[in-house]
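See below for structure-v3.cif, which holds mmCIF, C-alpha atoms.
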data_target
#
loop_
_atom_site.label_atom_id
_atom_site.label_comp_id
_atom_site.auth_asym_id
_atom_site.auth_seq_id
_atom_site.Cartn_x
_atom_site.Cartn_y
_atom_site.Cartn_z
CA MET L 170 -76.67 -21.57 80.77
CA ASN L 171 -77.92 -24.92 82.06
CA VAL L 172 -81.63 -25.76 81.96
CA CYS L 173 -83.61 -28.68 83.34
CA ILE L 174 -86.73 -29.48 81.33
CA LEU L 175 -89.53 -31.63 82.76
CA ALA L 176 -91.65 -32.83 79.87
CA ASP L 177 -92.94 -35.67 77.74
CA ALA L 178 -89.70 -36.63 75.99
CA THR L 179 -91.63 -38.55 73.32
CA SER L 180 -93.31 -35.33 72.12
CA VAL L 181 -92.23 -34.33 68.63
CA HIS L 182 -92.19 -30.71 69.75
CA ILE L 183 -89.82 -31.39 72.67
CA GLN L 184 -87.64 -33.39 70.30
CA ARG L 185 -87.45 -30.33 68.06
CA ILE L 186 -87.03 -27.68 70.78
CA VAL L 187 -84.25 -29.33 72.77
CA PRO L 188 -81.66 -29.88 69.99
CA GLY L 189 -82.24 -26.28 68.90
CA LEU L 190 -81.49 -25.03 72.41
CA VAL L 191 -78.37 -27.22 72.57
CA GLN L 192 -77.16 -25.77 69.28
CA ARG L 193 -77.42 -22.34 70.89
CA GLY L 194 -75.04 -23.30 73.67
CA ILE L 195 -77.55 -24.29 76.37
CA GLN L 196 -76.87 -27.41 78.41
CA VAL L 197 -80.18 -29.26 78.64
CA ASP L 198 -81.07 -32.08 81.02
CA ILE L 199 -84.51 -33.61 80.63
CA LEU L 200 -86.58 -35.37 83.26
CA ALA L 201 -89.39 -37.50 81.83
CA HIS L 202 -91.67 -40.33 82.86
CA LYS L 203 -90.74 -42.16 79.64
CA PRO L 204 -87.13 -41.33 78.74
CA VAL L 205 -86.10 -41.48 75.09
CA GLU L 206 -82.89 -40.38 73.43
CA ILE L 207 -82.79 -36.74 72.28
CA ASP L 208 -79.78 -35.36 70.45
CA GLY L 209 -77.47 -33.29 72.63
CA ALA L 210 -79.39 -33.71 75.88
CA THR L 211 -79.30 -36.01 78.87
CA VAL L 212 -82.69 -37.66 79.40
CA THR L 213 -83.38 -39.26 82.79
CA LYS L 214 -86.46 -40.90 84.26
CA PHE L 215 -88.26 -38.66 86.75
CA GLU L 216 -88.46 -40.47 90.06
CA VAL L 217 -88.10 -39.64 93.72
CA PRO L 218 -84.72 -40.83 95.08
CA PRO L 219 -84.76 -43.79 97.49
CA PRO L 220 -83.79 -43.30 101.15
CA SER L 221 -80.09 -42.59 101.62
CA LEU L 222 -77.72 -40.40 103.59
CA SER L 223 -78.54 -37.60 101.12
CA TYR L 224 -82.30 -38.26 101.28
CA PRO L 225 -83.04 -39.67 104.74
CA THR L 226 -86.62 -38.46 105.12
CA ARG L 227 -89.92 -40.08 104.23
CA TYR L 228 -91.23 -40.16 100.66
CA GLN L 229 -92.84 -36.70 100.56
CA GLY L 230 -89.83 -35.15 102.26
CA ARG L 231 -87.45 -36.77 99.78
CA TRP L 232 -89.61 -35.52 96.93
CA ARG L 233 -89.49 -31.92 98.22
CA THR L 234 -85.75 -32.09 98.84
CA TYR L 235 -85.14 -33.50 95.36
CA LEU L 236 -87.08 -30.67 93.66
CA LYS L 237 -85.41 -27.99 95.79
CA ARG L 238 -82.01 -29.29 94.75
CA LEU L 239 -83.08 -29.19 91.12
CA MET L 240 -84.09 -25.56 91.50
CA ARG L 241 -80.69 -24.69 92.99
CA LYS L 242 -78.66 -26.79 90.55
CA TYR L 243 -79.93 -25.26 87.31
CA ASP L 244 -80.11 -21.73 85.98
CA ALA L 245 -83.72 -22.47 85.04
CA VAL L 246 -86.15 -25.33 85.60
CA HIS L 247 -88.75 -25.47 82.85
CA VAL L 248 -92.00 -27.44 83.10
CA HIS L 249 -93.74 -28.20 79.78
CA PHE L 250 -97.36 -29.15 80.51
CA LEU L 251 -98.57 -28.51 84.06
CA HIS L 252 -98.34 -32.08 85.27
CA ASP L 253 -98.21 -32.67 89.02
CA TRP L 254 -94.43 -32.82 89.27
CA GLY L 255 -94.67 -31.72 92.91
CA PHE L 256 -93.64 -28.09 92.65
CA THR L 257 -95.02 -25.80 95.36
CA PRO L 258 -94.55 -22.04 95.84
CA GLU L 259 -91.92 -22.75 98.47
CA ILE L 260 -89.95 -24.97 96.06
CA MET L 261 -90.31 -22.63 93.07
CA GLU L 262 -88.85 -19.78 95.10
CA GLN L 263 -85.56 -21.68 95.33
CA GLY L 264 -84.58 -20.70 91.77
CA CYS L 265 -85.85 -19.77 88.31
CA PHE L 266 -89.05 -21.65 87.44
CA VAL L 267 -90.53 -21.43 83.92
CA ALA L 268 -94.03 -22.77 83.16
CA SER L 269 -95.39 -23.64 79.72
CA PRO L 270 -99.00 -24.90 79.57
CA TRP L 271 -99.79 -26.90 76.45
CA GLY L 272 -103.57 -26.73 76.27
CA SER L 273 -105.24 -29.79 77.73
CA ASP L 274 -103.70 -28.97 81.12
CA ILE L 275 -105.72 -25.73 81.07
CA THR L 276 -108.84 -26.91 79.23
CA PRO L 277 -109.51 -30.68 79.29
CA PRO L 278 -110.31 -31.90 75.76
CA PRO L 279 -113.66 -33.54 74.92
CA GLY L 280 -113.92 -37.04 76.31
CA GLU L 281 -111.44 -36.47 79.12
CA ASP L 282 -112.33 -35.98 82.76
CA PRO L 283 -111.81 -32.51 84.27
CA VAL L 284 -108.99 -32.17 86.77
CA THR L 285 -109.67 -32.14 90.49
CA SER L 286 -109.94 -28.85 92.34
CA GLU L 287 -106.68 -29.73 94.11
CA MET L 288 -104.83 -30.20 90.81
CA ARG L 289 -106.31 -27.02 89.40
CA ALA L 290 -105.05 -25.12 92.44
CA LYS L 291 -101.56 -26.57 91.95
CA ARG L 292 -101.51 -25.56 88.29
CA ILE L 293 -102.65 -22.04 89.08
CA ALA L 294 -99.90 -21.79 91.71
CA MET L 295 -97.29 -22.84 89.15
CA LEU L 296 -98.43 -20.08 86.80
CA ARG L 297 -98.61 -17.41 89.48
CA CYS L 298 -95.22 -18.23 91.02
CA ALA L 299 -93.24 -18.80 87.82
CA ALA L 300 -90.48 -16.39 86.85
CA ALA L 301 -91.78 -16.75 83.30
CA VAL L 302 -94.94 -18.17 81.75
CA THR L 303 -94.99 -18.96 78.04
CA ALA L 304 -97.82 -19.47 75.55
CA PHE L 305 -97.84 -20.61 71.95
CA GLY L 306 -99.89 -17.65 70.75
CA PRO L 307 -102.01 -14.66 71.84
CA SER L 308 -105.31 -16.54 71.99
CA PHE L 309 -103.82 -19.21 74.23
CA ALA L 310 -102.11 -16.53 76.34
CA GLN L 311 -105.51 -14.98 77.05
CA LEU L 312 -106.85 -18.39 78.08
CA ILE L 313 -103.92 -18.88 80.46
CA ALA L 314 -104.37 -15.40 81.89
CA ASN L 315 -108.06 -16.04 82.55
CA TYR L 316 -107.33 -19.45 84.06
CA ALA L 317 -104.73 -18.22 86.56
CA GLN L 318 -105.96 -14.63 86.91
CA ILE L 319 -102.61 -13.20 85.82
CA ASP L 320 -101.79 -10.32 83.48
CA LYS L 321 -101.72 -11.47 79.86
CA GLU L 322 -98.99 -8.92 79.10
CA THR L 323 -96.58 -10.77 81.41
CA ILE L 324 -96.87 -13.98 79.35
CA ASP L 325 -94.10 -14.60 76.80
CA LEU L 326 -95.32 -15.67 73.35
CA LEU L 327 -93.20 -18.58 72.14
CA PRO L 328 -94.91 -20.32 69.22
CA LEU L 329 -94.13 -23.78 67.94
CA GLY L 330 -92.29 -22.65 64.85
CA VAL L 331 -91.84 -24.39 61.52
CA ASP L 332 -88.58 -25.64 60.03
CA THR L 333 -89.06 -23.99 56.66
CA ASN L 334 -86.16 -25.96 55.20
CA LEU L 335 -87.85 -29.26 56.06
CA PHE L 336 -91.33 -27.96 55.19
CA ASN L 337 -90.20 -26.57 51.85
CA PRO L 338 -92.31 -27.17 48.73
CA ASP L 339 -89.41 -26.64 46.31
CA GLY L 340 -88.77 -29.88 44.50
CA LYS L 341 -91.58 -31.67 46.34
CA ARG L 342 -94.82 -30.28 44.95
CA GLN L 343 -95.67 -31.35 41.42
CA LYS L 344 -98.09 -29.57 39.14
CA ARG L 345 -101.42 -31.35 39.21
CA GLN L 346 -102.35 -32.95 35.92
CA PRO L 347 -105.73 -32.20 34.32
CA ASN L 348 -108.51 -34.42 35.67
CA ALA L 349 -106.23 -35.78 38.41
CA PRO L 350 -107.99 -36.31 41.75
CA LEU L 351 -107.95 -33.46 44.25
CA ARG L 352 -106.64 -34.51 47.64
CA VAL L 353 -107.78 -33.42 51.09
CA GLY L 354 -105.44 -34.43 53.89
CA PHE L 355 -105.71 -34.85 57.66
CA PHE L 356 -102.73 -35.61 59.94
CA LYS L 357 -103.78 -34.60 63.43
CA GLY L 358 -104.45 -38.11 64.71
CA PHE L 359 -107.60 -39.88 65.85
CA ARG L 360 -108.39 -38.49 69.28
CA PRO L 361 -111.83 -36.92 69.85
CA VAL L 362 -110.32 -33.45 70.31
CA TYR L 363 -108.99 -33.41 66.74
CA GLY L 364 -112.41 -33.80 65.13
CA ALA L 365 -111.73 -36.49 62.53
CA THR L 366 -115.35 -37.68 62.73
CA TYR L 367 -116.55 -34.26 61.56
CA LEU L 368 -114.41 -34.57 58.47
CA MET L 369 -115.80 -38.06 57.87
CA ARG L 370 -119.36 -36.72 58.11
CA ALA L 371 -118.50 -33.97 55.64
CA MET L 372 -117.21 -36.38 52.99
CA PRO L 373 -120.51 -37.43 51.33
CA THR L 374 -121.49 -33.79 50.72
CA VAL L 375 -118.04 -32.95 49.39
CA LEU L 376 -118.03 -35.96 47.07
CA GLU L 377 -121.47 -35.08 45.76
CA ALA L 378 -120.09 -31.72 44.61
CA HIS L 379 -116.59 -32.95 43.68
CA PRO L 380 -116.68 -36.71 42.97
CA ASN L 381 -113.01 -36.73 41.95
CA THR L 382 -111.82 -35.93 45.47
CA ARG L 383 -109.68 -38.27 47.57
CA PHE L 384 -109.05 -38.10 51.31
CA HIS L 385 -105.81 -39.04 53.05
CA MET L 386 -106.15 -39.75 56.78
CA ILE L 387 -102.87 -40.09 58.68
CA GLY L 388 -102.38 -41.32 62.22
CA ASP L 389 -103.69 -43.58 64.93
CA GLY L 390 -105.78 -43.21 68.06
CA PRO L 391 -109.00 -44.30 69.76
CA GLU L 392 -111.32 -42.92 67.06
CA LEU L 393 -109.60 -44.57 64.09
CA MET L 394 -111.94 -47.57 63.99
CA ARG L 395 -114.98 -45.32 64.42
CA CYS L 396 -113.85 -43.25 61.43
CA LYS L 397 -113.38 -46.39 59.34
CA GLU L 398 -116.88 -47.48 60.31
CA LEU L 399 -118.25 -44.11 59.22
CA ALA L 400 -116.46 -44.45 55.87
CA GLY L 401 -118.30 -47.74 55.38
CA CYS L 402 -121.65 -46.32 56.49
CA TYR L 403 -121.34 -43.38 54.11
CA GLY L 404 -120.07 -45.52 51.24
CA VAL L 405 -116.86 -43.54 50.82
CA ASP L 406 -114.36 -46.34 51.56
CA ASP L 407 -112.89 -46.21 48.07
CA ARG L 408 -112.25 -42.46 48.38
CA VAL L 409 -110.30 -42.66 51.65
CA LYS L 410 -106.69 -43.74 52.08
CA TRP L 411 -105.75 -44.70 55.63
CA ILE L 412 -102.10 -44.06 56.42
CA GLN L 413 -100.34 -45.14 59.57
CA ARG L 414 -98.79 -42.60 61.90
CA GLN L 415 -95.74 -41.02 60.26
CA PRO L 416 -92.45 -39.61 61.55
CA HIS L 417 -92.63 -35.84 61.67
CA THR L 418 -89.89 -35.55 59.04
CA ASN L 419 -92.03 -37.50 56.57
CA ILE L 420 -95.10 -35.25 56.79
CA PRO L 421 -93.85 -32.77 54.12
CA ASN L 422 -93.81 -35.59 51.57
CA PHE L 423 -97.54 -36.13 52.10
CA LEU L 424 -98.39 -32.43 52.20
CA ALA L 425 -96.62 -32.05 48.87
CA GLY L 426 -99.39 -34.07 47.24
CA TRP L 427 -102.37 -32.44 48.96
CA ASP L 428 -104.59 -29.63 47.73
CA ILE L 429 -106.19 -28.82 51.10
CA SER L 430 -105.33 -29.66 54.70
CA ALA L 431 -108.20 -30.15 57.17
CA VAL L 432 -107.87 -29.29 60.89
CA PRO L 433 -111.43 -29.70 62.29
CA SER L 434 -110.36 -29.71 65.96
CA GLU L 435 -112.83 -29.16 68.79
CA CYS L 436 -110.17 -27.25 70.73
CA GLU L 437 -106.58 -26.35 69.95
CA SER L 438 -104.03 -24.36 71.92
CA PHE L 439 -102.08 -23.37 68.81
CA GLY L 440 -102.12 -24.93 65.35
CA ALA L 441 -98.69 -26.25 64.33
CA ALA L 442 -100.26 -28.57 61.75
CA ALA L 443 -101.94 -25.60 60.09
CA LEU L 444 -98.63 -23.73 59.87
CA GLU L 445 -96.80 -26.76 58.49
CA SER L 446 -99.49 -27.10 55.83
CA SER L 447 -99.20 -23.43 54.93
CA ALA L 448 -95.41 -23.73 54.67
CA MET L 449 -95.99 -26.37 51.99
CA LEU L 450 -98.33 -24.08 49.99
CA VAL L 451 -101.40 -26.01 51.16
CA PRO L 452 -104.47 -23.94 52.18
CA VAL L 453 -106.15 -24.96 55.42
CA VAL L 454 -109.77 -25.51 56.44
CA ALA L 455 -109.79 -25.27 60.24
CA SER L 456 -112.13 -24.82 63.16
CA ASN L 457 -112.40 -21.30 64.51
CA VAL L 458 -111.32 -22.31 68.02
CA GLY L 459 -108.44 -21.75 70.44
CA GLY L 460 -105.19 -20.82 68.76
CA LEU L 461 -106.21 -21.74 65.22
CA PRO L 462 -107.25 -18.15 64.34
CA ASP L 463 -103.66 -17.18 65.21
CA THR L 464 -102.24 -19.65 62.69
CA VAL L 465 -104.89 -19.57 59.93
CA MET L 466 -105.73 -16.19 58.43
CA ASP L 467 -109.34 -16.53 57.35
CA GLN L 468 -109.84 -15.97 53.60
CA ILE L 469 -106.06 -15.42 53.19
CA THR L 470 -104.25 -18.65 54.11
CA GLY L 471 -107.36 -20.76 54.53
CA LEU L 472 -110.94 -20.82 55.78
CA LEU L 473 -112.12 -20.89 59.39
CA VAL L 474 -115.39 -22.65 60.17
CA PRO L 475 -117.45 -23.15 63.35
CA PRO L 476 -116.32 -26.17 65.40
CA ARG L 477 -118.30 -29.42 65.47
CA SER L 478 -119.97 -28.58 62.17
CA PRO L 479 -119.61 -31.16 59.37
CA GLU L 480 -121.82 -29.00 57.18
CA GLN L 481 -119.52 -25.99 57.44
CA VAL L 482 -116.44 -28.17 56.92
CA ALA L 483 -118.06 -29.55 53.76
CA ASN L 484 -119.00 -26.09 52.47
CA ALA L 485 -115.47 -24.77 52.99
CA LEU L 486 -113.90 -27.77 51.27
CA ILE L 487 -116.33 -27.51 48.37
CA GLU L 488 -115.52 -23.82 47.96
CA LEU L 489 -111.77 -24.38 47.78
CA LEU L 490 -111.91 -27.55 45.71
CA GLY L 491 -113.87 -25.62 43.10
CA ASP L 492 -111.45 -22.69 42.88
CA ASP L 493 -107.91 -23.53 41.73
CA GLU L 494 -106.80 -19.90 41.74
CA LYS L 495 -108.01 -19.29 45.28
CA ARG L 496 -106.25 -22.40 46.57
CA GLU L 497 -103.00 -21.38 44.90
CA ALA L 498 -103.23 -17.80 46.20
CA MET L 499 -103.89 -19.04 49.73
CA GLY L 500 -100.97 -21.42 49.47
CA ARG L 501 -98.59 -18.62 48.46
CA SER L 502 -99.90 -16.36 51.22
CA GLY L 503 -99.58 -19.18 53.74
CA ARG L 504 -95.93 -19.84 52.89
CA ALA L 505 -95.10 -16.13 53.22
CA PHE L 506 -97.01 -15.91 56.52
CA VAL L 507 -95.01 -18.78 58.02
CA VAL L 508 -91.64 -17.53 56.76
CA ASP L 509 -92.30 -14.03 58.10
CA ASN L 510 -93.70 -15.01 61.49
CA TYR L 511 -92.97 -18.61 62.46
CA GLU L 512 -89.57 -19.60 61.09
CA TRP L 513 -88.11 -22.06 63.59
CA SER L 514 -84.64 -20.58 63.96
CA GLY L 515 -85.98 -17.19 65.02
CA ILE L 516 -88.43 -18.80 67.45
CA LEU L 517 -85.60 -20.73 69.14
CA ASP L 518 -83.66 -17.49 69.58
CA LYS L 519 -86.70 -16.13 71.44
CA TRP L 520 -86.66 -19.18 73.73
CA VAL L 521 -83.09 -18.38 74.75
CA GLU L 522 -83.94 -14.72 75.31
CA THR L 523 -86.91 -15.69 77.48
CA TYR L 524 -84.75 -17.92 79.66
CA GLN L 525 -82.20 -15.14 80.11
CA ARG L 526 -84.86 -12.57 81.07
CA ALA L 527 -86.38 -14.98 83.59
CA ILE L 528 -82.98 -15.75 85.13
CA ASP L 529 -82.12 -12.05 85.29
CA ARG L 530 -85.46 -11.34 86.91
CA VAL L 531 -84.87 -13.89 89.66
CA PHE L 532 -81.25 -12.81 90.18
CA THR L 533 -82.31 -9.17 90.49
CA CYS L 534 -84.91 -10.06 93.12
CA VAL L 535 -82.50 -12.11 95.27
#

structure tokens encoding of this file:
Amino acid sequence: MNVCILADATSVHIQRIVPGLVQRGIQVDILAHKPVEIDGATVTKFEVPPPSLSYPTRYQGRWRTYLKRLMRKYDAVHVHFLHDWGFTPEIMEQGCFVASPWGSDITPPPGEDPVTSEMRAKRIAMLRCAAAVTAFGPSFAQLIANYAQIDKETIDLLPLGVDTNLFNPDGKRQKRQPNAPLRVGFFKGFRPVYGATYLMRAMPTVLEAHPNTRFHMIGDGPELMRCKELAGCYGVDDRVKWIQRQPHTNIPNFLAGWDISAVPSECESFGAAALESSAMLVPVVASNVGGLPDTVMDQITGLLVPPRSPEQVANALIELLGDDEKREAMGRSGRAFVVDNYEWSGILDKWVETYQRAIDRVFTCV
């Protein structure tokens, strides 16, 4: 099977998915606006070919011809994130087209401009004409179905799984010493959608109840300086450790030292960070939005709180910080939940099965 993937090659999720597909015998070629090396795959810059004997028409004609040839060349052409790659119903009919929305292409995050009506129409067409549409979880699948007015039952659920060997607490987590500080961690990054400012606003209340708490904030982004300013305004500078953006493979080493992981997002299509935290025995305090209820079992693997509510974030953190047994029980339940439902190897097998069903569906219809 040969598959062409059009995606952001710098995405950590694409960099995890593609080598897994290659290991399962799939030839993967990637087209990206910013090519980077990915093990086992050929990564090429996406660009319309210049005029030539093979592409003699004007720009738009060359673009259409190029995409049609892609559709005929590969067993499946898979778009991750509904960017305007140029696919039309006519072009998608030339082969097996797979569409995977990622979230912000369906619902623009806070602070970002909504898409034009023309772009929305193009994205809906991609979803309606695709041989297969995938979603990270059931909540996101319902959002996609509502957006494109398609049957939710036709959407394949393909979560972003967790490498439970990499995110493995054995040998990493150390028993907390008496009177040692409790640590609350955040590693979603500093974009408005991820709600770091709500965690900052919750800190004074948390520290009033549990003065021996420390906060680890990992990542970069446009709201980083604002969060540092809030730390100064609230007088919590000495309780916050700012950590630069980390390679994905290094995140387990930080989670190993945390007691709670905070995911106060304003919207979220899935919740991979929540699952990675759970895999490391770390309970999660997360917003009850988007796909997070699919990845955080309220009162079992963590606590769900209303979005955009520093008070509720603070209350949930205070509750867990004050109950060692509850945190430990949630951590154990979280690890079991991930192993049973989101182990990466099994998820990748489902990706291959989805491709094959989509290809068979198109072949049967021809």

Once the PyMOL selection byres ((chain L and resi 508-518) around 6) has been applied to the shown file, what residues remain in the selection, as a list in words?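 After applying the PyMOL selection byres ((chain L and resi 508-518) around 6), what remains is Gly330, Val331, Asp332, Ala505, Phe506, Val507, Lys519, Trp520 and Val521 of chain L.
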
Exercise: Glu435 in chain L partners within 12 Å, all atoms listed in the file, chain neighbours under 6 positions left out, as an MDAnalysis selection string: chainID L and resid 273 276:280 357 360:368 455:461 474:479

Test item: the PyMOL selection byres ((chain L and resi 316) around 10) resolved as a ChimeraX atom specification: /L:275-276,289,292-293,296,310-315,317-319

Can you pull out the residues contacting range 224-231 of chain L? Cut-off 12 Å, using all atoms listed in the file, and skip same-chain residues under 6 positions away; I want them as a PDB file with C-alpha atoms, in the frame of the given file.
ATOM      1  CA  GLU L 216     -88.460 -40.470  90.060  1.00  0.00           C
ATOM      2  CA  VAL L 217     -88.100 -39.640  93.720  1.00  0.00           C
ATOM      3  CA  PRO L 218     -84.720 -40.830  95.080  1.00  0.00           C
ATOM      4  CA  LYS L 237     -85.410 -27.990  95.790  1.00  0.00           C
ATOM      5  CA  ARG L 238     -82.010 -29.290  94.750  1.00  0.00           C
ATOM      6  CA  GLY L 255     -94.670 -31.720  92.910  1.00  0.00           C
ATOM      7  CA  PHE L 256     -93.640 -28.090  92.650  1.00  0.00           C
ATOM      8  CA  ILE L 260     -89.950 -24.970  96.060  1.00  0.00           C
TER       9      ILE L 260
END

Please indicate the distance in Å from CA of Gly491 in chain L to CA of Lys397 in chain L, rounded to one decimal place.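 Those two atoms sit 26.4 Å apart.
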
Report, in Å to a single decimal, how far apart CA of Leu329 in chain L and CA of Ile174 in chain L are.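 Atom-to-atom, CA of Ile174 in chain L to CA of Leu329 in chain L, that is 16.3 Å.
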
Could you check the closest approach to Ala498 in chain L for each of L:Ala176, L:Pro283, L:Pro258, L:Pro452 and tell me which residue wins, using all atoms listed in the file? L:Pro452

Pick from L:Met394, L:Val353, L:Cys436, L:Ala378: nearest to Val409 in chain L, with all atoms listed in the file counted? L:Val353

Going by the chain IDs and residue numbers used in this file, which residues fall under the PyMOL selection byres ((chain L and resi 502) around 12)? Write them as a PyMOL selection string. chain L and resi 444+446-453+465-471+495-501+503-509

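When all atoms listed in the file are used to compute distances to Pro350 in chain L, the closest of the residues L:Leu490, L:Val197, L:Ala268, L:Leu239 turns out to be L:Leu490.
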
Quick one: residues within 10 Å of Thr418 in chain L, only C-alpha atoms counted, chain neighbours fewer than 6 positions away excluded, as a list of chain:residue names?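 Close residues of Thr418 in chain L: L:Val181, L:Leu335, L:Phe336.
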
d(CA of Ile429 in chain L, CA of Asp407 in chain L) in Å: 18.9 Å

Nearest to Asp325 in chain L among L:Gln343, L:Gly401, L:Glu522, L:Val531, with distances taken over only C-alpha atoms: which residue is it? L:Glu522

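Nearest residue to Val432 in chain L, choosing from L:Gly358, L:Phe215, L:Leu399, L:Gly264 and counting only C-alpha atoms: L:Gly358.
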
Spatial neighbours of Ala245 in chain L, max dist 8 Å, all atoms listed in the file, sep filter under 6 positions, as a PyMOL selection string: chain L and resi 171-173+264-267+524+528

Contact check, range 347-392 of chain L to range 419-425 of chain L, at most 10 Å, counting all atoms listed in the file, closest pairs as CSV:
residue,atom,partner,partner_atom,distance
L:Arg352,CA,L:Leu424,CA,9.7
L:Val353,CA,L:Leu424,CA,9.5
L:Gly354,CA,L:Leu424,CA,7.5
L:Phe355,CA,L:Leu424,CA,9.4
L:Phe356,CA,L:Ile420,CA,8.3
L:His385,CA,L:Phe423,CA,8.8
L:Ile387,CA,L:Ile420,CA,9.3

Residue neighbourhood range 200-213 of chain L, 9 Å, only C-alpha atoms, exclusion window fewer than 6 positions, as a PyMOL selection string: chain L and resi 173-179+183-185+187-188+191-192

Of the listed residues L:Asn348, L:Ser430, L:Thr323, L:Thr257, that which approaches Met288 in chain L most closely, counting only C-alpha atoms: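 Closest to Met288 in chain L of all the choices is L:Thr257.
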